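Printed here is entry-v1.cif (mmCIF, C-alpha atoms and all ligand atoms):
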data_input
loop_
_atom_site.label_atom_id
_atom_site.label_comp_id
_atom_site.auth_asym_id
_atom_site.auth_seq_id
_atom_site.Cartn_x
_atom_site.Cartn_y
_atom_site.Cartn_z
CA MET A 1 0.00 0.00 0.00
CA ILE A 2 1.41 3.39 -1.00
CA ARG A 3 -0.06 6.03 1.31
CA ASP A 4 1.16 9.11 -0.54
CA THR A 5 2.97 8.71 -3.86
CA GLU A 6 4.56 12.16 -3.77
CA THR A 7 6.13 11.68 -0.32
CA LEU A 8 7.35 8.21 -1.22
CA ASN A 9 8.87 9.48 -4.47
CA GLN A 10 10.74 12.19 -2.56
CA LEU A 11 12.18 9.54 -0.23
CA LEU A 12 13.09 7.27 -3.17
CA ASP A 13 14.75 10.22 -4.94
CA SER A 14 16.98 10.90 -1.93
CA VAL A 15 17.80 7.21 -1.47
CA ASN A 16 18.62 6.80 -5.18
CA ARG A 17 20.84 9.89 -5.10
CA PHE A 18 22.57 8.76 -1.90
CA VAL A 19 23.20 5.29 -3.38
CA ARG A 20 24.49 6.68 -6.68
CA GLU A 21 26.61 9.55 -5.38
CA ARG A 22 27.82 8.32 -1.99
CA LEU A 23 27.52 4.53 -1.63
CA VAL A 24 28.50 3.16 -5.05
CA PRO A 25 31.76 5.20 -5.11
CA ALA A 26 32.57 3.96 -1.56
CA GLU A 27 32.01 0.23 -2.28
CA GLY A 28 35.71 -0.56 -2.90
CA VAL A 29 37.09 1.28 0.10
CA VAL A 30 34.47 -0.17 2.46
CA SER A 31 35.38 -3.65 1.26
CA ASP A 32 39.13 -2.99 1.60
CA THR A 33 38.87 -1.44 5.08
CA ASP A 34 35.94 -3.55 6.37
CA ASP A 35 34.49 -0.31 7.70
CA ILE A 36 31.69 2.07 6.69
CA PRO A 37 32.94 5.67 7.07
CA GLU A 38 31.31 7.77 9.81
CA ASP A 39 30.12 10.47 7.38
CA ILE A 40 28.14 7.88 5.42
CA VAL A 41 26.54 6.59 8.63
CA ARG A 42 25.60 10.18 9.53
CA GLU A 43 23.95 10.71 6.14
CA MET A 44 22.01 7.45 6.55
CA LYS A 45 20.64 8.86 9.79
CA ASP A 46 19.83 12.22 8.18
CA ILE A 47 17.86 10.58 5.37
CA GLY A 48 15.85 8.67 7.99
CA LEU A 49 17.00 5.19 7.00
CA PHE A 50 17.13 3.98 10.61
CA GLY A 51 13.51 4.95 11.16
CA LEU A 52 11.91 3.52 8.02
CA THR A 53 9.70 1.03 9.89
CA VAL A 54 9.30 2.78 13.25
CA PRO A 55 5.74 4.15 13.54
CA GLU A 56 5.40 7.89 12.97
CA GLU A 57 4.18 8.51 16.53
CA PHE A 58 7.64 7.40 17.71
CA GLY A 59 9.55 9.56 15.23
CA GLY A 60 9.97 7.10 12.36
CA LEU A 61 8.57 7.10 8.83
CA GLY A 62 6.18 4.20 9.55
CA LEU A 63 6.50 2.80 6.03
CA THR A 64 4.02 0.22 4.85
CA MET A 65 5.47 -3.07 3.59
CA GLU A 66 5.04 -1.99 -0.03
CA GLU A 67 6.81 1.31 0.65
CA GLU A 68 9.61 -0.48 2.52
CA THR A 69 9.95 -2.87 -0.42
CA GLU A 70 10.40 0.04 -2.84
CA VAL A 71 13.12 1.53 -0.61
CA MET A 72 14.87 -1.85 -0.42
CA PHE A 73 14.78 -2.21 -4.23
CA ALA A 74 16.64 1.12 -4.31
CA MET A 75 19.07 0.22 -1.51
CA GLY A 76 19.88 -3.04 -3.28
CA GLN A 77 21.60 -1.12 -6.08
CA THR A 78 24.83 -1.10 -4.05
CA SER A 79 26.86 -3.38 -1.77
CA PRO A 80 24.49 -5.14 0.64
CA CYS A 81 26.75 -4.31 3.60
CA PHE A 82 25.30 -0.76 3.64
CA ARG A 83 21.79 -2.12 4.14
CA SER A 84 23.03 -4.36 6.94
CA LEU A 85 24.08 -1.38 9.03
CA PHE A 86 20.57 0.03 9.38
CA GLY A 87 18.68 -3.08 8.22
CA THR A 88 18.84 -4.97 11.51
CA THR A 89 17.54 -1.89 13.33
CA VAL A 90 14.79 -1.33 10.77
CA GLY A 91 14.05 -5.05 10.50
CA ILE A 92 14.59 -7.94 12.87
CA GLY A 93 16.22 -5.90 15.67
CA SER A 94 13.36 -3.46 16.30
CA GLN A 95 10.21 -5.05 14.93
CA GLY A 96 9.72 -7.26 17.99
CA ILE A 97 9.25 -4.08 20.01
CA VAL A 98 6.91 -2.62 17.38
CA PHE A 99 4.79 -5.81 17.29
CA ASP A 100 4.85 -6.99 20.88
CA GLY A 101 6.48 -4.36 23.15
CA THR A 102 4.54 -2.77 26.01
CA PRO A 103 3.61 0.94 25.59
CA GLU A 104 6.49 1.79 27.99
CA GLN A 105 9.00 -0.29 26.02
CA LYS A 106 7.93 1.33 22.76
CA ALA A 107 8.15 4.83 24.23
CA LYS A 108 11.57 4.12 25.74
CA TYR A 109 13.32 2.58 22.73
CA LEU A 110 11.58 3.32 19.43
CA PRO A 111 12.36 7.06 19.24
CA ARG A 112 16.08 6.43 19.75
CA LEU A 113 16.05 3.56 17.25
CA ALA A 114 14.32 5.79 14.68
CA THR A 115 17.10 8.40 14.76
CA GLY A 116 19.88 5.80 14.62
CA GLU A 117 21.16 6.86 18.05
CA LEU A 118 20.54 3.27 19.14
CA ILE A 119 21.33 0.19 17.03
CA ALA A 120 19.29 -2.97 17.63
CA SER A 121 20.47 -6.53 17.01
CA PHE A 122 18.43 -9.71 16.88
CA ALA A 123 19.86 -12.45 19.11
CA LEU A 124 18.24 -15.79 18.25
CA THR A 125 20.89 -18.06 16.69
CA GLU A 126 23.18 -20.09 18.96
CA PRO A 127 26.09 -22.49 18.44
CA GLU A 128 23.64 -25.42 18.65
CA ALA A 129 20.44 -23.73 17.45
CA GLY A 130 20.24 -22.30 13.94
CA SER A 131 17.47 -23.57 11.67
CA ASP A 132 15.94 -25.36 14.68
CA ALA A 133 15.44 -22.06 16.44
CA ALA A 134 13.02 -23.48 19.05
CA SER A 135 15.80 -25.67 20.48
CA LEU A 136 17.74 -22.66 21.81
CA ARG A 137 19.55 -23.22 25.12
CA THR A 138 20.19 -19.73 26.47
CA THR A 139 18.30 -19.46 29.75
CA ALA A 140 16.68 -16.51 31.49
CA ILE A 141 15.72 -17.59 35.01
CA ARG A 142 13.52 -15.35 37.12
CA ASP A 143 15.16 -14.13 40.34
CA GLY A 144 13.07 -11.51 42.17
CA ASP A 145 12.54 -8.56 39.87
CA HIS A 146 15.26 -9.69 37.44
CA TYR A 147 15.99 -12.54 35.01
CA VAL A 148 19.45 -14.11 35.10
CA VAL A 149 20.60 -14.79 31.55
CA ASN A 150 23.24 -17.37 30.60
CA GLY A 151 24.20 -18.56 27.14
CA THR A 152 25.92 -17.71 23.86
CA LYS A 153 24.37 -16.19 20.75
CA ARG A 154 26.23 -16.67 17.46
CA PHE A 155 26.71 -14.75 14.16
CA ILE A 156 24.80 -11.76 15.56
CA THR A 157 24.72 -9.00 12.94
CA ASN A 158 25.80 -5.59 14.24
CA ALA A 159 26.61 -7.02 17.70
CA PRO A 160 29.76 -4.86 17.97
CA HIS A 161 27.65 -1.71 17.40
CA ALA A 162 24.40 -2.64 19.13
CA GLY A 163 22.90 -0.58 21.95
CA ILE A 164 20.16 -3.16 22.54
CA PHE A 165 19.59 -6.82 21.76
CA THR A 166 16.22 -8.40 21.06
CA LEU A 167 17.13 -11.59 22.89
CA MET A 168 15.32 -14.92 22.72
CA ALA A 169 15.97 -17.07 25.82
CA ARG A 170 14.34 -19.98 27.62
CA THR A 171 12.45 -18.84 30.72
CA ASN A 172 11.09 -22.32 31.35
CA PRO A 173 13.93 -24.87 31.04
CA ALA A 174 11.48 -27.73 31.69
CA ASP A 175 9.74 -26.80 28.43
CA LYS A 176 12.20 -27.73 25.66
CA GLY A 177 9.99 -26.39 22.85
CA ALA A 178 8.90 -23.06 21.44
CA SER A 179 6.54 -22.23 24.31
CA GLY A 180 9.40 -22.17 26.85
CA VAL A 181 11.03 -19.24 25.02
CA SER A 182 10.60 -15.56 25.93
CA SER A 183 11.91 -12.41 24.32
CA PHE A 184 13.76 -9.58 26.10
CA ILE A 185 15.13 -6.16 25.29
CA VAL A 186 18.63 -6.26 26.73
CA GLU A 187 20.73 -3.13 26.95
CA ARG A 188 24.34 -3.55 25.85
CA ASP A 189 25.83 -2.07 29.01
CA THR A 190 24.06 -4.55 31.31
CA PRO A 191 26.86 -6.24 33.34
CA GLY A 192 27.56 -9.82 32.23
CA ILE A 193 27.59 -9.26 28.44
CA THR A 194 30.72 -9.86 26.37
CA ILE A 195 30.92 -9.32 22.62
CA GLY A 196 33.23 -11.74 20.80
CA LYS A 197 35.78 -10.81 18.16
CA PRO A 198 34.14 -9.82 14.84
CA ASP A 199 33.71 -12.92 12.63
CA ARG A 200 35.82 -13.30 9.49
CA LYS A 201 33.33 -13.81 6.66
CA MET A 202 33.16 -14.73 2.97
CA GLY A 203 31.67 -11.34 2.09
CA HIS A 204 29.63 -8.43 3.46
CA ARG A 205 32.80 -6.67 4.51
CA GLY A 206 31.81 -3.47 6.31
CA ALA A 207 28.98 -5.31 8.11
CA HIS A 208 30.06 -6.96 11.33
CA THR A 209 28.83 -10.06 13.13
CA ALA A 210 30.03 -11.54 16.41
CA ASP A 211 29.14 -13.81 19.31
CA VAL A 212 27.27 -12.30 22.23
CA ILE A 213 28.00 -14.08 25.50
CA PHE A 214 25.73 -13.71 28.54
CA GLU A 215 27.19 -14.74 31.91
CA ASN A 216 24.93 -14.29 34.91
CA CYS A 217 23.61 -11.20 33.20
CA ARG A 218 20.86 -9.71 35.38
CA VAL A 219 18.17 -8.25 33.15
CA PRO A 220 15.38 -6.25 34.86
CA ALA A 221 11.99 -7.99 34.57
CA THR A 222 10.64 -4.81 32.96
CA GLN A 223 12.69 -5.81 29.88
CA LEU A 224 10.55 -8.90 29.21
CA MET A 225 8.98 -8.18 25.82
CA GLY A 226 5.32 -7.34 26.23
CA GLY A 227 5.59 -8.34 29.89
CA GLN A 228 4.64 -11.91 28.94
CA GLU A 229 6.65 -15.11 29.24
CA GLY A 230 6.42 -17.86 26.62
CA GLN A 231 5.73 -15.55 23.67
CA GLY A 232 9.35 -15.10 22.51
CA PHE A 233 9.38 -17.70 19.75
CA LYS A 234 6.20 -16.31 18.23
CA THR A 235 7.65 -12.80 18.34
CA ALA A 236 10.74 -14.12 16.55
CA MET A 237 8.66 -15.87 13.88
CA LYS A 238 6.55 -12.76 13.22
CA VAL A 239 9.67 -10.63 12.94
CA LEU A 240 11.35 -13.13 10.59
CA GLU A 241 8.25 -13.41 8.42
CA LYS A 242 8.32 -9.69 7.70
CA GLY A 243 12.12 -9.78 7.41
CA ARG A 244 11.85 -12.36 4.64
CA ILE A 245 9.97 -9.94 2.38
CA HIS A 246 12.52 -7.21 3.23
CA ILE A 247 15.47 -9.49 2.32
CA ALA A 248 13.73 -10.66 -0.87
CA ALA A 249 13.38 -7.01 -1.94
CA ILE A 250 17.10 -6.44 -1.37
CA CYS A 251 17.83 -9.56 -3.47
CA VAL A 252 15.83 -8.02 -6.33
CA GLY A 253 17.75 -4.73 -6.08
CA VAL A 254 21.17 -6.38 -5.99
CA ALA A 255 20.27 -8.68 -8.92
CA GLU A 256 19.19 -5.61 -10.94
CA ARG A 257 22.53 -3.95 -10.19
CA MET A 258 24.58 -7.01 -11.18
CA LEU A 259 22.58 -7.45 -14.37
CA ARG A 260 23.04 -3.78 -15.29
CA ASP A 261 26.81 -4.10 -14.77
CA ALA A 262 26.92 -7.34 -16.78
CA LEU A 263 24.95 -5.77 -19.65
CA ALA A 264 27.22 -2.70 -19.74
CA TYR A 265 30.28 -4.95 -19.79
CA ALA A 266 28.82 -7.18 -22.52
CA MET A 267 28.06 -4.16 -24.72
CA ASP A 268 31.57 -2.79 -24.25
CA ARG A 269 33.70 -5.92 -24.39
CA LYS A 270 34.58 -7.02 -27.94
CA GLN A 271 35.59 -10.52 -28.99
CA PHE A 272 35.60 -12.11 -32.45
CA GLY A 273 35.18 -8.59 -33.83
CA GLN A 274 31.98 -7.58 -32.05
CA PRO A 275 30.56 -6.76 -28.59
CA ILE A 276 29.90 -10.01 -26.73
CA ALA A 277 26.31 -8.76 -26.11
CA GLU A 278 25.71 -9.63 -29.80
CA PHE A 279 26.37 -13.31 -29.17
CA GLN A 280 23.28 -15.39 -28.58
CA LEU A 281 24.81 -17.52 -25.80
CA VAL A 282 25.54 -14.33 -23.85
CA GLN A 283 22.08 -13.01 -24.72
CA ALA A 284 20.56 -16.18 -23.23
CA MET A 285 22.24 -15.40 -19.89
CA LEU A 286 21.05 -11.78 -20.02
CA ALA A 287 17.50 -12.74 -20.97
CA ASP A 288 17.14 -15.50 -18.36
CA SER A 289 18.37 -13.08 -15.70
CA LYS A 290 16.02 -10.31 -16.84
CA ALA A 291 12.97 -12.58 -16.71
CA GLU A 292 13.88 -13.98 -13.30
CA VAL A 293 14.51 -10.54 -11.79
CA TYR A 294 11.15 -9.38 -13.16
CA ALA A 295 9.38 -12.42 -11.70
CA ALA A 296 10.94 -11.85 -8.28
CA ARG A 297 10.08 -8.14 -8.32
CA CYS A 298 6.42 -8.92 -9.06
CA MET A 299 6.31 -11.59 -6.36
CA VAL A 300 7.81 -9.38 -3.68
CA LEU A 301 5.46 -6.50 -4.46
CA ASP A 302 2.46 -8.83 -4.40
CA ALA A 303 3.44 -10.30 -1.01
CA ALA A 304 4.06 -6.82 0.40
CA ARG A 305 0.65 -5.58 -0.78
CA ARG A 306 -1.09 -8.64 0.66
CA ARG A 307 0.64 -8.07 3.99
CA ASP A 308 -0.47 -4.43 3.97
CA LEU A 309 -4.05 -5.65 3.44
CA GLY A 310 -3.74 -7.69 6.64
CA GLN A 311 -3.60 -11.08 4.92
CA ASN A 312 -1.60 -13.98 6.37
CA VAL A 313 1.55 -14.04 4.20
CA SER A 314 3.57 -16.76 5.90
CA THR A 315 3.64 -18.80 2.66
CA GLU A 316 4.16 -15.82 0.36
CA ALA A 317 7.00 -14.38 2.49
CA SER A 318 8.85 -17.70 2.37
CA CYS A 319 8.18 -18.06 -1.39
CA CYS A 320 9.69 -14.60 -1.92
CA LYS A 321 12.74 -15.23 0.26
CA MET A 322 13.39 -18.59 -1.39
CA PHE A 323 12.84 -17.52 -5.00
CA ALA A 324 14.49 -14.09 -4.82
CA SER A 325 17.62 -15.26 -2.98
CA GLU A 326 18.11 -18.26 -5.28
CA MET A 327 17.44 -16.03 -8.30
CA CYS A 328 20.01 -13.54 -7.03
CA GLY A 329 22.60 -16.34 -6.76
CA ARG A 330 21.93 -17.43 -10.35
CA VAL A 331 22.17 -13.85 -11.64
CA ALA A 332 25.47 -13.36 -9.75
CA ASP A 333 26.85 -16.54 -11.30
CA ARG A 334 25.85 -15.49 -14.82
CA ALA A 335 27.19 -11.97 -14.27
CA VAL A 336 30.62 -13.36 -13.33
CA GLN A 337 30.44 -15.62 -16.41
CA ILE A 338 29.66 -12.69 -18.70
CA PHE A 339 32.60 -10.74 -17.25
CA GLY A 340 34.77 -13.80 -18.00
CA GLY A 341 38.32 -13.53 -16.64
CA ALA A 342 37.56 -10.01 -15.41
CA GLY A 343 34.70 -11.49 -13.36
CA TYR A 344 37.23 -13.30 -11.22
CA MET A 345 39.32 -10.17 -10.55
CA SER A 346 38.57 -7.98 -7.54
CA GLU A 347 39.00 -4.67 -9.35
CA TYR A 348 35.85 -5.25 -11.43
CA GLY A 349 33.69 -5.60 -8.30
CA ILE A 350 31.41 -8.33 -9.58
CA GLU A 351 33.21 -11.10 -7.65
CA ARG A 352 32.50 -9.13 -4.48
CA PHE A 353 28.76 -9.20 -5.23
CA TYR A 354 29.05 -12.92 -6.03
CA ARG A 355 30.43 -13.53 -2.53
CA ASP A 356 28.06 -11.06 -0.84
CA VAL A 357 24.84 -12.52 -2.27
CA ARG A 358 25.70 -16.05 -1.12
CA LEU A 359 24.49 -15.04 2.33
CA PHE A 360 20.96 -14.29 1.10
CA ARG A 361 20.23 -18.01 0.70
CA ILE A 362 21.28 -18.65 4.29
CA TYR A 363 20.34 -15.92 6.77
CA GLU A 364 16.84 -15.13 8.08
CA GLY A 365 15.97 -18.76 7.26
CA THR A 366 17.80 -20.95 4.72
CA THR A 367 16.16 -21.92 1.43
CA GLN A 368 15.48 -25.33 2.97
CA ILE A 369 13.64 -23.73 5.93
CA GLN A 370 11.54 -21.68 3.49
CA GLN A 371 10.66 -24.92 1.67
CA ILE A 372 9.56 -26.46 4.96
CA VAL A 373 7.41 -23.43 5.86
CA ILE A 374 5.78 -23.35 2.40
CA ALA A 375 5.06 -27.08 2.21
CA ARG A 376 3.81 -27.30 5.81
CA ASN A 377 1.40 -24.44 5.16
CA MET A 378 0.19 -26.15 1.98
CA VAL A 379 -0.49 -29.41 3.82
CA ARG A 380 -2.18 -27.57 6.70
CA GLU A 381 -4.48 -25.66 4.35
CA ALA A 382 -5.32 -28.71 2.28
CA SER A 383 -6.26 -30.75 5.34
CA ARG A 384 -8.62 -28.09 6.72
N1 LIG A 401 3.78 -16.00 12.97
C1 LIG A 401 3.27 -16.20 14.19
N2 LIG A 401 3.43 -17.34 14.88
C2 LIG A 401 4.15 -18.33 14.29
C3 LIG A 401 4.72 -18.19 13.00
C4 LIG A 401 4.51 -16.95 12.33
N3 LIG A 401 5.03 -16.73 11.12
N4 LIG A 401 5.37 -19.32 12.70
C5 LIG A 401 5.22 -20.15 13.73
N5 LIG A 401 4.49 -19.55 14.70
C6 LIG A 401 4.05 -20.13 15.99
C7 LIG A 401 3.25 -21.39 15.72
O1 LIG A 401 1.89 -21.10 15.49
C8 LIG A 401 3.45 -22.16 16.99
O2 LIG A 401 2.57 -21.68 18.00
P1 LIG A 401 1.45 -22.64 18.66
O3 LIG A 401 2.22 -23.77 19.30
O4 LIG A 401 0.73 -21.76 19.64
O5 LIG A 401 0.61 -23.10 17.52
C9 LIG A 401 4.87 -21.79 17.44
O6 LIG A 401 5.17 -20.58 16.75
C10 LIG A 401 5.87 -22.85 17.04
O7 LIG A 401 5.81 -23.03 15.65
P2 LIG A 401 6.26 -24.39 14.92
O8 LIG A 401 5.63 -25.55 15.59
O9 LIG A 401 6.04 -24.23 13.46
O10 LIG A 401 7.84 -24.40 15.28
P3 LIG A 401 9.01 -25.36 14.80
O11 LIG A 401 9.91 -25.56 15.93
O12 LIG A 401 8.46 -26.57 14.11
O13 LIG A 401 9.86 -24.45 13.78
C11 LIG A 401 10.55 -23.30 11.80
C12 LIG A 401 9.40 -23.83 12.70
C13 LIG A 401 11.46 -24.40 11.27
C14 LIG A 401 9.81 -22.68 10.66
C15 LIG A 401 11.35 -22.24 12.59
O14 LIG A 401 12.17 -22.87 13.56
C16 LIG A 401 12.22 -21.37 11.72
O15 LIG A 401 11.73 -20.44 11.09
N6 LIG A 401 13.54 -21.64 11.68
C17 LIG A 401 14.47 -20.79 11.00
C18 LIG A 401 15.00 -19.76 11.93
C19 LIG A 401 15.69 -18.68 11.22
O16 LIG A 401 15.16 -18.07 10.31
N7 LIG A 401 16.89 -18.39 11.68
C20 LIG A 401 17.63 -17.31 11.17
C21 LIG A 401 18.15 -16.57 12.34
S1 LIG A 401 17.93 -14.88 12.30
S2 LIG A 401 19.14 -14.20 10.95
#
Exercise: express the given structure as structure tokens:
Amino acid sequence: MIRDTETLNQLLDSVNRFVRERLVPAEGVVSDTDDIPEDIVREMKDIGLFGLTVPEEFGGLGLTMEEETEVMFAMGQTSPCFRSLFGTTVGIGSQGIVFDGTPEQKAKYLPRLATGELIASFALTEPEAGSDAASLRTTAIRDGDHYVVNGTKRFITNAPHAGIFTLMARTNPADKGASGVSSFIVERDTPGITIGKPDRKMGHRGAHTADVIFENCRVPATQLMGGQEGQGFKTAMKVLEKGRIHIAAICVGVAERMLRDALAYAMDRKQFGQPIAEFQLVQAMLADSKAEVYAARCMVLDAARRRDLGQNVSTEASCCKMFASEMCGRVADRAVQIFGGAGYMSEYGIERFYRDVRLFRIYEGTTQIQQIVIARNMVREASR
């Protein structure tokens, strides 16, 4: 749902300009230094990127899913590490509070998240609990007016920069399933939290992940999300469901960028006396990519509009995440192939995208998890 086309177009104009003039020229240096310069972070805050999904009453832009999707198509036109910096705050880090926080929790955290003063991370994954998220072992045991948290969270995006963690922990250790899990808003400076060394990754240089270790960390009971125990897994699933449409939109944007670069290269590069774009085998790769990007774009917009209408989009969100991330991987592979030898060389940039987009098929639910969600929903609906 687009609430006001003119306002959205103004936002998209500034995002497109920012991407073109500031982010694309910085891609190489960010990758080389593994760091996003402070002035770029400041501009992200000025444009309002940290507040895209925070409701307007708390100082954000309160974008609908369709509007957010359009912004992510635009943000995808550059290295995905830039999106990661504000994406966890806009997405999985903050949305638990938006969906399930108490009025006090919303009033305390959302305004500072919206300005980018506070970065939020989503702490679900553990060394022994990834796809099987409900098996998480981190415990939060009630002790008076606090919970005592113990456990390790792994691969947590933006952990080194986070001011708060949306933490999923087991409040009822006797209940080994999803209903024993609760969600908390944990402030970074709570005693008992250690952040591990930043992980060394295949790609996404400039975006940082690390372990977050909780040792007898005493979290005030007021930080229990929504004031209710046993709801944490559901909060996580709701947040991830929305996140899957967001990630799928980024996949579409990045695939468009790679395809544009591959087309420009194919029109410029001459072999056998003519631009390689004139050769039908190269054209096949361009055409297959174009059709698949178009299909993914249509899917993501449809899912976003359905979500805005209040429909249950569990199946559609997983379809989008699965199709768009796999599509993005195929487009990256073809783009490297079109670049040929140059595709393997760092200076041309396309190999960096090839490595970066590999993550899309893994995080916020692997392709195999999306298949499980889709098929389970199909069986459930058919047996009703
Ligand atoms: N919205 C709201 N509630 C949901 C939901 C959703 N999208 N999906 C599941 N739930 C609820 C279920 O309704 C169920 O509640 P009830 O017991 O009251 O019915 C509860 O959550 C447990 O759901 P389910 O039985 O489906 O849980 P499973 O343990 O079988 O796990 C999968 C389901 C595999 C889908 C889940 O573990 C998952 O998504 N794993 C991937 C995790 C992931 O994406 N990790 C990435 C880390 S963040 S980068």
Cut-off 7 Å: closest chain A/ligand LIG 401 (chain A) atom pairs per residue, using only C-alpha atoms and all ligand atoms, as JSON lines:
{"residue": "A:Phe122", "atom": "CA", "partner": "A:LIG401", "partner_atom": "S1", "distance": 6.9}
{"residue": "A:Leu124", "atom": "CA", "partner": "A:LIG401", "partner_atom": "C21", "distance": 6.0}
{"residue": "A:Thr125", "atom": "CA", "partner": "A:LIG401", "partner_atom": "C21", "distance": 5.4}
{"residue": "A:Gly130", "atom": "CA", "partner": "A:LIG401", "partner_atom": "N7", "distance": 5.6}
{"residue": "A:Ser131", "atom": "CA", "partner": "A:LIG401", "partner_atom": "C17", "distance": 4.1}
{"residue": "A:Asp132", "atom": "CA", "partner": "A:LIG401", "partner_atom": "O14", "distance": 4.7}
{"residue": "A:Ala133", "atom": "CA", "partner": "A:LIG401", "partner_atom": "O14", "distance": 4.4}
{"residue": "A:Ala134", "atom": "CA", "partner": "A:LIG401", "partner_atom": "O11", "distance": 4.9}
{"residue": "A:Gly177", "atom": "CA", "partner": "A:LIG401", "partner_atom": "O11", "distance": 7.0}
{"residue": "A:Ala178", "atom": "CA", "partner": "A:LIG401", "partner_atom": "C10", "distance": 5.3}
{"residue": "A:Ser179", "atom": "CA", "partner": "A:LIG401", "partner_atom": "O3", "distance": 6.8}
{"residue": "A:Phe233", "atom": "CA", "partner": "A:LIG401", "partner_atom": "O6", "distance": 5.9}
{"residue": "A:Lys234", "atom": "CA", "partner": "A:LIG401", "partner_atom": "N2", "distance": 4.5}
{"residue": "A:Thr235", "atom": "CA", "partner": "A:LIG401", "partner_atom": "C1", "distance": 6.9}
{"residue": "A:Met237", "atom": "CA", "partner": "A:LIG401", "partner_atom": "C4", "distance": 4.6}
{"residue": "A:Lys238", "atom": "CA", "partner": "A:LIG401", "partner_atom": "N1", "distance": 4.3}
{"residue": "A:Leu240", "atom": "CA", "partner": "A:LIG401", "partner_atom": "O16", "distance": 6.2}
{"residue": "A:Glu241", "atom": "CA", "partner": "A:LIG401", "partner_atom": "N3", "distance": 5.4}
{"residue": "A:Ser314", "atom": "CA", "partner": "A:LIG401", "partner_atom": "N3", "distance": 5.4}
{"residue": "A:Tyr363", "atom": "CA", "partner": "A:LIG401", "partner_atom": "S2", "distance": 4.7}
{"residue": "A:Glu364", "atom": "CA", "partner": "A:LIG401", "partner_atom": "S2", "distance": 3.8}
{"residue": "A:Gly365", "atom": "CA", "partner": "A:LIG401", "partner_atom": "O16", "distance": 3.2}
{"residue": "A:Thr366", "atom": "CA", "partner": "A:LIG401", "partner_atom": "O16", "distance": 6.8}
{"residue": "A:Ile369", "atom": "CA", "partner": "A:LIG401", "partner_atom": "C13", "distance": 5.8}
{"residue": "A:Ile372", "atom": "CA", "partner": "A:LIG401", "partner_atom": "C14", "distance": 6.8}
{"residue": "A:Val373", "atom": "CA", "partner": "A:LIG401", "partner_atom": "C14", "distance": 5.4}
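Excluding range 61-73 of chain A itself and same-chain residues fewer than 2 positions from it, the residues having an atom within 7 Å of it are Met1, Ile2, Leu12, Gly51, Leu52, Thr53, Val54, Pro55, Glu56, Gly59, Met75, Gly76, His246, Ala249, Ile250, Val252, Gly253, Leu301, Ala304, Arg305, Arg307 and Asp308 of chain A, counting all atoms listed in the file.
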Near range 40-43 of chain A, counting all atoms listed in the file, which residues have an atom at most 10 Å away, once you skip same-chain residues fewer than 5 positions from it, shown as a ChimeraX atom specification?
-> /A:18,22-23,26,48-50,82,85-86,116
Contacts of Glu351 in chain A at 10 Å or less, counting all atoms listed in the file, minus same-chain residues fewer than 3 places along, as a VMD selection string?
-> chain A and resid 203 332 to 333 335 to 336 339 342 to 348 354 to 356
Out of A:Gly226, A:Gly206, A:Gly243, A:Gly329, which residue has the shortest atom-to-atom distance to Gly91 in chain A when counting all atoms listed in the file?
->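 That would be A:Gly243, the residue with the smallest distance to Gly91 in chain A.
Of the residues listed (A:Arg112, A:Arg218, A:Lys201, A:Arg188), A:Arg218 shows the shortest atom-to-atom separation from Thr139 in chain A; distances use only C-alpha atoms.
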Nearest to Phe155 in chain A, chosen from A:Thr190, A:Ser383, A:Thr209, A:Thr115, with only C-alpha atoms counted in the distances | A:Thr209
Point out the residue among A:Gln283, A:Ser121, A:Ser183, A:Asn377 with the least atom-to-atom distance to Val149 in chain A, counting only C-alpha atoms.
->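 Of A:Gln283, A:Ser121, A:Ser183, A:Asn377, the one nearest Val149 in chain A is A:Ser183, counting only C-alpha atoms.
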With all atoms of range 42-58 of chain A from the file as input, state the centre and edge lengths in Å to one decimal of the axis-aligned box that has 5 Å extra on each side, as JSON.
{"center_x": 14.9, "center_y": 6.6, "center_z": 11.5, "size_x": 31.4, "size_y": 21.2, "size_z": 22.3}
